[in-house]
Amino acid sequence: MIELLFLLLPVAAGYGWIMGKNSAKNQAHLLNRQITSEYSKGLKFLLDREEDQGLEHLINLLEVSADSVDHYSTLATMFRRRGELDRAIKIHELLLKHPSLNEQQAATSRLELAEDYIMAGLLDGAEEHLVWLVKAGHVEALEPIITLYSQTREWEKGINMFEAHSELFSKEQQFKAIANFYCESALSDDNPQLMRKAISLNYKAVRPLYELGLLAYIKEDYVKAIYYWRELVTQFTLFAPLFIEQLAHSYKQLNLTHQFHELVSDLLEKGGVLIKIKHCQALLEQGHTKQAFDFLTDSLKRQPTIRGFSFLLQLMGDQNKNTKEVLNQIDKLVTSYIATKPDFQCQHCGFTSYTIYWNCPSCKHWETIVPSRGLDGF
């Protein structure tokens, strides 16, 4: 508790100075002595290790005089970090009611109180304060309320907030969150039109294009599937593993496989090993076996990958029947190893998973989980 002593001693001194400056001299000295006496009592409780009684005494003093907002805000933050949410809430509620707060101090106290409520599970109270801040034009409330609506899955509230206050949104992560709100609401209400609204946002998101392509693919509307997924793989090549097989099938169904091969060639520079494997498969289909073998071995020399090595083993087995059985056994071991590795990783916090999450379960960021790259990745 020694840090509290350093925090509160300047407060006591500050009160003495303020009162001596602004009040009649005799009254100032009297009030100064009273306040200092009250602080001394609180500090004595702390020094005597009667922490609960000491902290409660200092909190109650706030109701008498709360000119030192920053000190009390710091004290409340310390309570919150220690998990003493009831005390943090009490301080912030009292600060918010104090008439001497300026507009910025009031907004900060309201935001901090909302954070207290969220940690305490009082989500309705948190929402009330965050909505108030957003309506008042405080951009710092956007991310907490987006996180809150993500947690409660109230997609329409988030969409309505965005459409009413879109001028406050400026960060890429904020737009990605709203794009996913549109997608979640669209899937829930079976209204793809909402996903198309998401495409028109200032920052492009992955999911609207992916979901629209998937809906078209399920309906065997391969033209639309190609339209959405081609745009997606061109803009966000890293996400190709999610749909590359279905995209290839869509081209094949329309007898346009050559166009798929051309697309893969265009993506070679920024694509991972999966794109390179698709290029090798295209060369094999065209009868260019040696070219495919040379391309793959050269790629693996420059950037070794387990999946690339696995495909090379398959290619070598197909070319040499005498060693095919041995190579197949090695490939099974390699494939088994790949199966033990997570396919996806969050670029923000490092969380790994075997399936795609549009909202990271760990850091709660939207669209930061991507197919893995590197030695074990795609």
# chains A, B, ... in the order shown; residues from 1 in each chain; ligands from 1
>>> residues_around(residues="Ala339 of chain A", least_positions_apart="6", cutoff="10 Å", atoms="only C-alpha atoms", output="list in words")
Leu333, Tyr354 and Asp376 of chain A
>>> write_last_selection(atoms="C-alpha atoms", output="PDB file, in the first residue's frame")
ATOM      1  CA  LEU A 333       4.436 -38.879 -41.812  1.00  0.00           C
ATOM      2  CA  TYR A 354      -7.482 -25.034 -36.158  1.00  0.00           C
ATOM      3  CA  ASP A 376       4.262 -24.950 -41.203  1.00  0.00           C
TER       4      ASP A 376
END
>>> residues_around(residues="Glu115 of chain A", least_positions_apart="5", cutoff="9 Å", atoms="only C-alpha atoms", output="ChimeraX atom specification")
/A:110,120,126,144
>>> closest_residue(among="A:Tyr228, A:Leu187, A:Tyr251, A:Phe378", to="Ile277 of chain A", atoms="only C-alpha atoms")
A:Phe378
>>> select_by_dssp(residues="segment 23-262 of chain A", states="alpha helix (DSSP H)", output="PyMOL selection string")
chain A and resi 25-47+51-62+69-81+85-97+103-119+123-135+142-152+155-164+172-189+193-199+206-218+222-235+244-253+257-262
>>> atom_distance(atom1="atom CA of Lys332 of chain A", atom2="atom CA of Lys290 of chain A")
24.0 Å
>>> closest_residue(among="A:Lys278, A:His71, A:Ile89, A:Gly317", to="Glu245 of chain A", atoms="only C-alpha atoms")
A:Lys278
>>> atom_distance(atom1="atom CA of Arg80 of chain A", atom2="atom CA of Ile118 of chain A")
11.2 Å
